[in-house]
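Engineer: Input structure: model-v2.cif, which contains mmCIF, C-alpha atoms and all ligand atoms.
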data_query
loop_
_atom_site.label_atom_id
_atom_site.label_comp_id
_atom_site.auth_asym_id
_atom_site.auth_seq_id
_atom_site.Cartn_x
_atom_site.Cartn_y
_atom_site.Cartn_z
CA MET A 1161 106.22 76.67 90.73
CA LYS A 1162 103.38 75.19 88.69
CA ARG A 1163 103.34 71.82 90.42
CA PRO A 1164 102.99 73.16 93.98
CA GLU A 1165 100.26 75.58 92.84
CA ASN A 1166 98.28 72.77 91.21
CA PHE A 1167 98.81 70.56 94.23
CA CYS A 1168 97.64 73.40 96.47
CA LEU A 1169 94.55 74.01 94.33
CA MET A 1170 93.67 70.31 94.45
CA LYS A 1171 93.84 70.39 98.21
CA LEU A 1172 91.93 73.64 98.39
CA GLY A 1173 89.35 72.14 96.05
CA TRP A 1174 88.46 69.47 98.57
CA LEU A 1175 88.57 71.94 101.43
CA GLY A 1176 86.45 74.35 99.44
CA LEU A 1177 83.90 71.65 98.67
CA ALA A 1178 83.66 70.80 102.36
CA PHE A 1179 83.33 74.51 103.16
CA ALA A 1180 80.60 74.94 100.56
CA MET A 1181 78.72 71.90 101.85
CA ALA A 1182 78.95 73.17 105.41
CA PHE A 1183 77.96 76.79 104.73
CA GLY A 1184 76.20 76.64 101.36
CA GLY A 1185 78.40 79.34 99.81
CA LEU A 1186 81.27 79.84 97.36
CA PRO A 1187 84.44 78.09 98.58
CA ALA A 1188 86.31 80.96 100.19
CA ALA A 1189 89.69 79.25 99.93
CA GLU A 1190 89.32 78.82 96.17
CA THR A 1191 88.29 82.45 95.73
CA ARG A 1192 91.36 83.52 97.63
CA ALA A 1193 93.62 81.22 95.62
CA ALA A 1194 92.25 82.61 92.34
CA SER A 1195 92.87 86.22 93.35
CA GLN A 1196 96.35 85.43 94.66
CA ASN A 1197 97.18 83.94 91.31
CA LEU A 1198 96.75 87.39 89.73
CA LYS A 1199 99.38 88.98 91.93
CA THR A 1200 103.17 89.01 91.85
CA THR A 1201 104.99 90.22 94.94
CA ILE A 1202 108.55 91.51 94.63
CA ASN A 1203 110.34 92.71 97.78
CA GLY A 1204 106.95 93.08 99.49
CA ILE A 1205 105.53 95.22 96.67
CA ASP A 1206 102.46 93.81 94.88
CA PHE A 1207 101.90 93.84 91.12
CA GLU A 1208 98.21 93.13 90.41
CA PHE A 1209 96.86 91.81 87.13
CA VAL A 1210 93.48 91.38 85.44
CA SER A 1211 92.86 88.30 83.30
CA ILE A 1212 91.82 89.26 79.76
CA LYS A 1213 90.02 86.66 77.66
CA PRO A 1214 90.51 86.23 73.88
CA GLY A 1215 88.08 88.02 71.55
CA SER A 1216 87.68 90.35 68.57
CA PHE A 1217 87.22 94.10 68.25
CA ARG A 1218 87.40 96.97 65.77
CA MET A 1219 90.79 98.68 66.11
CA GLY A 1220 91.51 102.25 65.01
CA SER A 1221 89.09 105.00 64.11
CA ARG A 1222 86.38 104.96 61.47
CA ARG A 1223 86.65 108.64 60.74
CA VAL A 1224 88.78 111.44 62.12
CA SER A 1225 88.38 115.16 61.51
CA ALA A 1226 91.31 117.44 60.78
CA GLY A 1227 93.24 118.26 63.95
CA GLU A 1228 92.03 115.23 65.89
CA LYS A 1229 95.33 113.40 65.54
CA PRO A 1230 99.02 114.24 65.15
CA LYS A 1231 99.95 114.97 61.53
CA HIS A 1232 102.64 112.27 61.49
CA VAL A 1233 100.29 109.54 62.71
CA GLU A 1234 97.54 107.53 60.99
CA VAL A 1235 94.68 106.23 63.14
CA SER A 1236 92.50 104.86 60.31
CA PRO A 1237 91.22 102.71 58.70
CA GLU A 1238 89.28 100.93 61.38
CA HIS A 1239 89.91 97.20 60.98
CA LYS A 1240 88.98 93.95 62.67
CA VAL A 1241 91.49 92.44 65.08
CA ARG A 1242 91.31 89.08 66.82
CA ILE A 1243 93.16 88.50 70.06
CA SER A 1244 93.50 84.71 70.10
CA ARG A 1245 95.30 84.22 73.42
CA SER A 1246 94.35 85.22 76.93
CA PHE A 1247 96.80 87.41 78.84
CA GLN A 1248 97.03 89.23 82.14
CA LEU A 1249 97.26 93.00 82.02
CA GLY A 1250 98.37 95.25 84.87
CA LYS A 1251 95.34 96.46 86.81
CA TYR A 1252 97.13 99.79 87.24
CA GLU A 1253 99.89 101.78 85.62
CA VAL A 1254 103.32 100.86 87.06
CA THR A 1255 103.86 102.93 90.19
CA MET A 1256 106.82 104.69 91.81
CA GLU A 1257 107.18 101.99 94.48
CA GLN A 1258 107.13 99.22 91.88
CA TRP A 1259 109.76 101.02 89.82
CA ASN A 1260 111.93 101.80 92.84
CA THR A 1261 111.97 98.21 94.06
CA LEU A 1262 113.80 97.12 90.90
CA MET A 1263 115.64 100.21 89.64
CA GLU A 1264 118.34 102.38 91.24
CA ARG A 1265 117.24 105.59 89.58
CA ASN A 1266 113.73 106.99 89.22
CA PRO A 1267 113.58 109.68 86.53
CA SER A 1268 109.98 110.68 87.37
CA ARG A 1269 109.44 114.35 87.73
CA ARG A 1270 107.18 113.72 90.72
CA ARG A 1271 109.16 110.92 92.35
CA ASP A 1272 108.81 112.51 95.81
CA LYS A 1273 105.05 112.96 95.66
CA GLY A 1274 103.85 109.46 96.54
CA ALA A 1275 104.54 105.74 96.21
CA ARG A 1276 101.26 105.04 94.41
CA LEU A 1277 101.67 107.68 91.72
CA PRO A 1278 102.36 106.25 88.28
CA VAL A 1279 105.99 106.41 87.29
CA ASP A 1280 106.58 109.04 84.59
CA SER A 1281 109.41 110.30 82.37
CA VAL A 1282 110.63 106.74 81.72
CA THR A 1283 111.98 105.90 78.27
CA TRP A 1284 110.94 102.78 76.37
CA ASP A 1285 114.54 101.56 76.75
CA GLU A 1286 114.43 102.01 80.53
CA VAL A 1287 111.16 100.09 80.63
CA GLN A 1288 112.95 97.17 78.93
CA GLU A 1289 115.57 97.17 81.70
CA PHE A 1290 112.79 97.22 84.32
CA LEU A 1291 111.14 94.23 82.60
CA LYS A 1292 114.45 92.37 82.40
CA ARG A 1293 114.93 92.74 86.14
CA LEU A 1294 111.31 91.77 86.87
CA ASN A 1295 111.63 88.66 84.69
CA ALA A 1296 114.80 87.68 86.57
CA LYS A 1297 112.80 87.67 89.84
CA ASP A 1298 110.06 85.25 88.74
CA SER A 1299 110.70 81.90 87.10
CA SER A 1300 106.99 81.15 86.52
CA HIS A 1301 105.93 84.07 84.35
CA VAL A 1302 107.02 86.27 81.47
CA TYR A 1303 106.58 90.04 81.81
CA ARG A 1304 106.47 92.43 78.85
CA LEU A 1305 104.69 95.48 77.51
CA PRO A 1306 101.27 94.89 75.93
CA THR A 1307 101.05 94.99 72.15
CA GLU A 1308 99.12 97.98 70.86
CA ALA A 1309 96.25 95.65 69.90
CA GLU A 1310 96.15 94.06 73.36
CA TRP A 1311 96.17 97.51 74.94
CA GLU A 1312 93.36 98.89 72.78
CA TYR A 1313 91.28 95.71 73.17
CA ALA A 1314 91.56 95.99 76.95
CA CYS A 1315 90.91 99.73 76.94
CA ARG A 1316 87.70 99.31 74.96
CA ALA A 1317 86.67 96.41 77.24
CA GLY A 1318 83.89 95.31 74.90
CA ARG A 1319 82.45 98.80 74.34
CA LYS A 1320 81.71 99.87 70.78
CA SER A 1321 81.66 103.58 71.66
CA ASP A 1322 84.99 105.17 72.38
CA PHE A 1323 84.52 106.72 75.79
CA LEU A 1324 83.85 105.17 79.13
CA GLN A 1325 80.53 105.87 80.75
CA GLY A 1326 81.73 108.99 82.51
CA LEU A 1327 84.93 110.80 81.63
CA ASN A 1328 85.43 112.37 85.06
CA GLU A 1329 84.38 109.20 86.87
CA ASN A 1330 87.03 107.12 85.08
CA SER A 1331 89.84 109.41 84.02
CA TRP A 1332 92.36 111.99 85.14
CA TRP A 1333 92.78 114.45 82.29
CA GLU A 1334 93.46 118.15 82.06
CA GLY A 1335 89.91 119.06 83.01
CA ASN A 1336 90.28 117.58 86.50
CA ALA A 1337 94.04 117.09 87.00
CA GLY A 1338 95.85 119.59 84.82
CA ASN A 1339 96.44 123.29 84.69
CA VAL A 1340 93.80 125.94 85.01
CA TRP A 1341 91.30 125.03 82.38
CA LYS A 1342 88.39 126.96 80.92
CA ASN A 1343 85.43 124.70 80.42
CA ARG A 1344 84.29 125.19 76.85
CA ASP A 1345 81.23 123.06 77.51
CA GLN A 1346 80.11 125.53 80.18
CA PRO A 1347 81.56 128.98 79.40
CA GLY A 1348 82.51 130.89 82.54
CA GLU A 1349 83.46 127.81 84.53
CA VAL A 1350 87.18 127.63 85.35
CA LEU A 1351 88.65 124.47 86.83
CA GLU A 1352 92.03 124.06 88.48
CA GLY A 1353 93.57 120.62 88.98
CA PRO A 1354 96.55 119.55 91.11
CA LYS A 1355 98.78 119.80 88.01
CA MET A 1356 100.15 116.30 88.32
CA PRO A 1357 99.16 112.64 87.85
CA LEU A 1358 97.10 111.13 90.66
CA PRO A 1359 97.54 107.85 92.59
CA VAL A 1360 96.69 104.84 90.42
CA GLY A 1361 93.24 103.37 90.96
CA SER A 1362 91.75 106.55 92.41
CA LYS A 1363 89.21 106.62 89.57
CA ALA A 1364 86.65 103.91 88.79
CA PRO A 1365 87.89 101.06 86.56
CA ASN A 1366 86.61 100.22 83.08
CA ALA A 1367 84.22 97.30 82.47
CA TRP A 1368 87.06 94.76 82.71
CA GLY A 1369 88.41 96.12 85.99
CA LEU A 1370 91.37 98.10 84.62
CA HIS A 1371 92.11 101.53 86.08
CA ASP A 1372 93.42 104.64 84.31
CA MET A 1373 93.53 103.16 80.80
CA GLN A 1374 92.27 106.55 79.61
CA GLY A 1375 94.24 109.39 81.19
CA ASN A 1376 96.61 109.81 84.18
CA VAL A 1377 99.80 108.91 82.25
CA TRP A 1378 100.29 107.84 78.63
CA GLU A 1379 101.39 104.22 78.34
CA TRP A 1380 104.20 102.81 76.20
CA VAL A 1381 103.28 99.65 74.28
CA GLN A 1382 105.49 97.04 72.66
CA ASP A 1383 104.98 97.91 68.98
CA TRP A 1384 106.94 100.00 66.56
CA TYR A 1385 104.58 102.44 64.86
CA ARG A 1386 103.11 101.54 61.49
CA PRO A 1387 100.11 102.85 59.53
CA TYR A 1388 97.03 100.60 59.50
CA THR A 1389 95.52 98.73 56.54
CA PRO A 1390 91.86 97.63 56.19
CA ALA A 1391 92.84 93.94 56.41
CA SER A 1392 91.66 91.85 59.36
CA GLU A 1393 94.47 90.76 61.64
CA LYS A 1394 95.15 88.15 64.30
CA ASP A 1395 97.38 89.09 67.23
CA PRO A 1396 99.18 91.93 65.43
CA ALA A 1397 102.45 92.93 67.07
CA GLY A 1398 103.70 95.68 64.75
CA PRO A 1399 106.62 95.66 62.33
CA ALA A 1400 110.08 94.27 63.11
CA THR A 1401 111.54 97.75 63.27
CA GLY A 1402 110.45 101.36 62.83
CA ASP A 1403 110.92 105.04 63.62
CA GLY A 1404 109.42 104.97 67.09
CA LYS A 1405 107.44 103.07 69.70
CA VAL A 1406 103.72 103.70 70.21
CA PHE A 1407 102.10 105.09 73.34
CA LYS A 1408 98.39 105.21 74.12
CA GLY A 1409 95.61 106.56 76.29
CA GLY A 1410 96.25 110.25 76.89
CA SER A 1411 97.20 111.74 80.24
CA TRP A 1412 96.52 114.24 83.00
CA LEU A 1413 97.82 116.82 80.50
CA SER A 1414 95.45 115.82 77.70
CA TRP A 1415 93.48 118.86 76.89
CA GLY A 1416 90.35 119.16 75.32
CA PHE A 1417 87.03 120.02 74.07
CA SER A 1418 87.06 116.91 71.92
CA LYS A 1419 89.31 115.01 74.35
CA THR A 1420 90.61 112.97 71.46
CA GLU A 1421 93.91 111.96 73.06
CA LEU A 1422 92.02 109.82 75.54
CA GLN A 1423 90.20 107.87 72.84
CA PRO A 1424 91.16 104.18 72.61
CA TRP A 1425 92.13 104.55 68.93
CA TYR A 1426 94.40 107.54 69.50
CA ARG A 1427 98.12 106.82 69.17
CA ASP A 1428 101.42 108.61 68.97
CA TYR A 1429 105.01 107.42 68.81
CA ARG A 1430 108.52 108.56 69.65
CA LYS A 1431 112.09 107.24 69.70
CA THR A 1432 112.88 104.68 72.36
CA ALA A 1433 114.99 107.22 74.31
CA PHE A 1434 112.14 109.75 74.51
CA ARG A 1435 110.86 110.72 77.95
CA HIS A 1436 108.07 113.02 79.05
CA THR A 1437 106.46 114.11 82.27
CA ASP A 1438 103.16 112.39 81.45
CA LEU A 1439 104.46 109.16 79.89
CA GLY A 1440 104.58 105.87 81.82
CA PHE A 1441 103.49 102.26 81.17
CA ARG A 1442 101.70 99.15 82.40
CA ILE A 1443 102.78 95.55 81.97
CA VAL A 1444 101.52 92.17 80.76
CA ARG A 1445 102.13 88.88 82.59
CA THR A 1446 101.82 85.48 80.92
CA ALA A 1447 102.55 82.01 82.27
CA LYS A 1448 105.81 80.39 81.15
CA CA A 1501 96.87 105.75 81.53
#
Kindly present the structure from the file in structure tokens form.
Structural biologist:
Amino acid sequence: MKRPENFCLMKLGWLGLAFAMAFGGLPAAETRAASQNLKTTINGIDFEFVSIKPGSFRMGSRRVSAGEKPKHVEVSPEHKVRISRSFQLGKYEVTMEQWNTLMERNPSRRRDKGARLPVDSVTWDEVQEFLKRLNAKDSSHVYRLPTEAEWEYACRAGRKSDFLQGLNENSWWEGNAGNVWKNRDQPGEVLEGPKMPLPVGSKAPNAWGLHDMQGNVWEWVQDWYRPYTPASEKDPAGPATGDGKVFKGGSWLSWGFSKTELQPWYRDYRKTAFRHTDLGFRIVRTAK
């Protein structure tokens, strides 16, 4: 697959140059080739990716008040992490139609509500089967879950503060998607959401073009849970084994005055056979 792509790009390069000389603009063919390269199509269903460059960030939380995290989970100390390799992360959470094109059974509670809803109620083990089938369909790439560090790096998207610019502009959470909710910020205001996740990409993306990193459905990552240490790390991928796999990002059911579950540093973990109505995933693609 690589050779024809390179050959094609070489040809398009000359065509693009001619196009640019003729019209004085960006070579349209090259732009199209670059965007096509971030898409995998299986049975007519597209999987779109965003290219994430290497870099460093502060992972975890500097300080957490009592009640802002599950008792069985540590989110501190904040520590420096370097991501040394570029990777491609799913632009969206994996959807019903993407799941259905590879799997016979969809365990999602809302599987009849729309093809572009994120898949939910999938176990970490079932996600591995999905990835195995996806990998079998494409000889040019490797598909896997993101590591927790890759996920948090991409969620933060270069921002030092934890939240995106506007919570309601970027995220589906209980305040706009969940059950009837009394707005503690404005006493007297009562909001009522649709009580379900919403189609992926229906909120604005973060600074790196990724949708729904905070909210909609929680997202399984690759790592077994482990407490953090203050030491700087390069490409951490978690321990070899553990009590449960981590999930990140909060969901349409994340409640809150403090909205802590949606924070990039927030984490929880469960056994690999655990499923829940607001737990899904997104995938990473790398070249073989
Ligand atoms: Ca999410």
Engineer: Separation of atom CA of Gln1423 of chain A and atom CA of Leu1291 of chain A, in Å?
Structural biologist: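 Pair atom CA of Gln1423 of chain A / atom CA of Leu1291 of chain A returns 26.8 Å.
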Engineer: Can you pull out every residue within 8 Å of His1301 of chain A, counting all atoms listed in the file, but drop anything in the same chain fewer than 4 positions away, and send it as a ChimeraX atom specification?
Structural biologist: /A:1295,1445-1448
Engineer: Which residues sit within 9 Å of ligand CA 1501 (chain A), counting all atoms listed in the file, listed as a ChimeraX atom specification?
Structural biologist: /A:1252-1253,1278,1331-1332,1360,1371-1379,1408-1412,1422,1439-1442
Engineer: Using all atoms listed in the file, pick whichever of A:Glu1264, A:Glu1334, A:Glu1421, A:Glu1312 has the shortest atom-to-atom distance to Ile1212 of chain A.
Structural biologist: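 Closest to Ile1212 of chain A, using all atoms listed in the file: A:Glu1312.
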Engineer: Rounded to one decimal in Å, what is the spacing between atom CA of Glu1238 of chain A and atom CA of Val1381 of chain A?
Structural biologist: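 About the pair atom CA of Glu1238 of chain A and atom CA of Val1381 of chain A: they are 19.1 Å apart.
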Engineer: How many Å lie between atom CA of Phe1207 of chain A and atom CA of Glu1257 of chain A, rounded to one decimal?
Structural biologist: 10.3 Å
Engineer: Sorted by chain and rising residue number, which residues of segment 1304-1331 of chain A lie within 9 Å of segment 1214-1224 of chain A, and what are their closest atom pairs and distances in Å to one decimal, counting only C-alpha atoms, as CSV?
Structural biologist:
residue,atom,partner,partner_atom,distance
A:Ala1309,CA,A:Met1219,CA,7.3
A:Glu1312,CA,A:Met1219,CA,7.2
A:Tyr1313,CA,A:Phe1217,CA,6.6
A:Arg1316,CA,A:Phe1217,CA,8.5
A:Gly1318,CA,A:Phe1217,CA,7.5
A:Lys1320,CA,A:Arg1218,CA,8.1
Engineer: Nearest to Thr1307 of chain A: which of A:Phe1407, A:Tyr1429, A:Trp1415, A:Trp1333 is it, counting only C-alpha atoms?
Structural biologist: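 Residue with the minimum atom-to-atom distance to Thr1307 of chain A: A:Phe1407.
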Engineer: Give me the residues within 10 Å of segment 1258-1263 of chain A as number ranges by chain, counting all atoms listed in the file and dropping any in the same chain fewer than 4 places off.
Structural biologist: A: 1201-1207, 1253-1254, 1268, 1271, 1275-1276, 1278-1279, 1282, 1286-1287, 1289-1294, 1297
Engineer: Please determine the residues with any atom at most 12 Å from (104.1, 94.8, 63.9) (coordinates as given in the file, with only C-alpha atoms counting) and report them as a PDB file with C-alpha atoms, in the coordinates of the input.
Structural biologist:
ATOM      1  CA  THR A1307     101.050  94.990  72.150  1.00  0.00           C
ATOM      2  CA  GLU A1308      99.120  97.980  70.860  1.00  0.00           C
ATOM      3  CA  ALA A1309      96.250  95.650  69.900  1.00  0.00           C
ATOM      4  CA  VAL A1381     103.280  99.650  74.280  1.00  0.00           C
ATOM      5  CA  GLN A1382     105.490  97.040  72.660  1.00  0.00           C
ATOM      6  CA  ASP A1383     104.980  97.910  68.980  1.00  0.00           C
ATOM      7  CA  TRP A1384     106.940 100.000  66.560  1.00  0.00           C
ATOM      8  CA  TYR A1385     104.580 102.440  64.860  1.00  0.00           C
ATOM      9  CA  ARG A1386     103.110 101.540  61.490  1.00  0.00           C
ATOM     10  CA  PRO A1387     100.110 102.850  59.530  1.00  0.00           C
ATOM     11  CA  TYR A1388      97.030 100.600  59.500  1.00  0.00           C
ATOM     12  CA  THR A1389      95.520  98.730  56.540  1.00  0.00           C
ATOM     13  CA  GLU A1393      94.470  90.760  61.640  1.00  0.00           C
ATOM     14  CA  LYS A1394      95.150  88.150  64.300  1.00  0.00           C
ATOM     15  CA  ASP A1395      97.380  89.090  67.230  1.00  0.00           C
ATOM     16  CA  PRO A1396      99.180  91.930  65.430  1.00  0.00           C
ATOM     17  CA  ALA A1397     102.450  92.930  67.070  1.00  0.00           C
ATOM     18  CA  GLY A1398     103.700  95.680  64.750  1.00  0.00           C
ATOM     19  CA  PRO A1399     106.620  95.660  62.330  1.00  0.00           C
ATOM     20  CA  ALA A1400     110.080  94.270  63.110  1.00  0.00           C
ATOM     21  CA  THR A1401     111.540  97.750  63.270  1.00  0.00           C
ATOM     22  CA  GLY A1402     110.450 101.360  62.830  1.00  0.00           C
ATOM     23  CA  GLY A1404     109.420 104.970  67.090  1.00  0.00           C
ATOM     24  CA  LYS A1405     107.440 103.070  69.700  1.00  0.00           C
ATOM     25  CA  VAL A1406     103.720 103.700  70.210  1.00  0.00           C
TER      26      VAL A1406
END
Engineer: Find the spatial neighbours of Ser1281 of chain A, counting all atoms listed in the file, within a cut-off of 9 Å - ignore same-chain residues fewer than 3 positions away - and output them as a compact mmCIF listing (two decimals) with C-alpha atoms, in the coordinates of the input.
Structural biologist:
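Saved result, around.txt, follows:
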# COMPACT_ATOMS: atom_id res chain seq x y z
CA ASN A 1266 113.73 106.99 89.22
CA PRO A 1267 113.58 109.68 86.53
CA SER A 1268 109.98 110.68 87.37
CA ARG A 1269 109.44 114.35 87.73
CA PHE A 1434 112.14 109.75 74.51
CA ARG A 1435 110.86 110.72 77.95
CA HIS A 1436 108.07 113.02 79.05
CA THR A 1437 106.46 114.11 82.27
CA ASP A 1438 103.16 112.39 81.45
CA LEU A 1439 104.46 109.16 79.89
CA GLY A 1440 104.58 105.87 81.82
Engineer: Using all atoms listed in the file, determine which residues lie at most 7 Å from Gly1338 of chain A, disregarding the query and same-chain residues fewer than 6 positions distant; provide the list as a count of residues only.
Structural biologist: 7
Engineer: With all atoms listed in the file as the atoms that count, which of A:Glu1228, A:Glu1234, A:Glu1329, A:Asp1272 lies nearest to Met1256 of chain A?
Structural biologist: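 Residue with the minimum atom-to-atom distance to Met1256 of chain A: A:Asp1272.
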Engineer: Name the residues within 7 Å of (94.7, 82.8, 85.3), counting only C-alpha atoms in the file's coordinates, and put them as a PyMOL selection string.
Structural biologist: chain A and resi 1197-1198+1211
Engineer: Using all atoms listed in the file for the distances, tell me which of A:Gly1335, A:Pro1424, A:Arg1270, A:Glu1208 is nearest to Ser1321 of chain A.
Structural biologist: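 Using all atoms listed in the file, Ser1321 of chain A sits closest to A:Pro1424.
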Engineer: Restricting the calculation to all atoms listed in the file: of A:Thr1255, A:Lys1419, A:Arg1319, A:Leu1327, which residue gets closest to Lys1273 of chain A?
Structural biologist: A:Thr1255
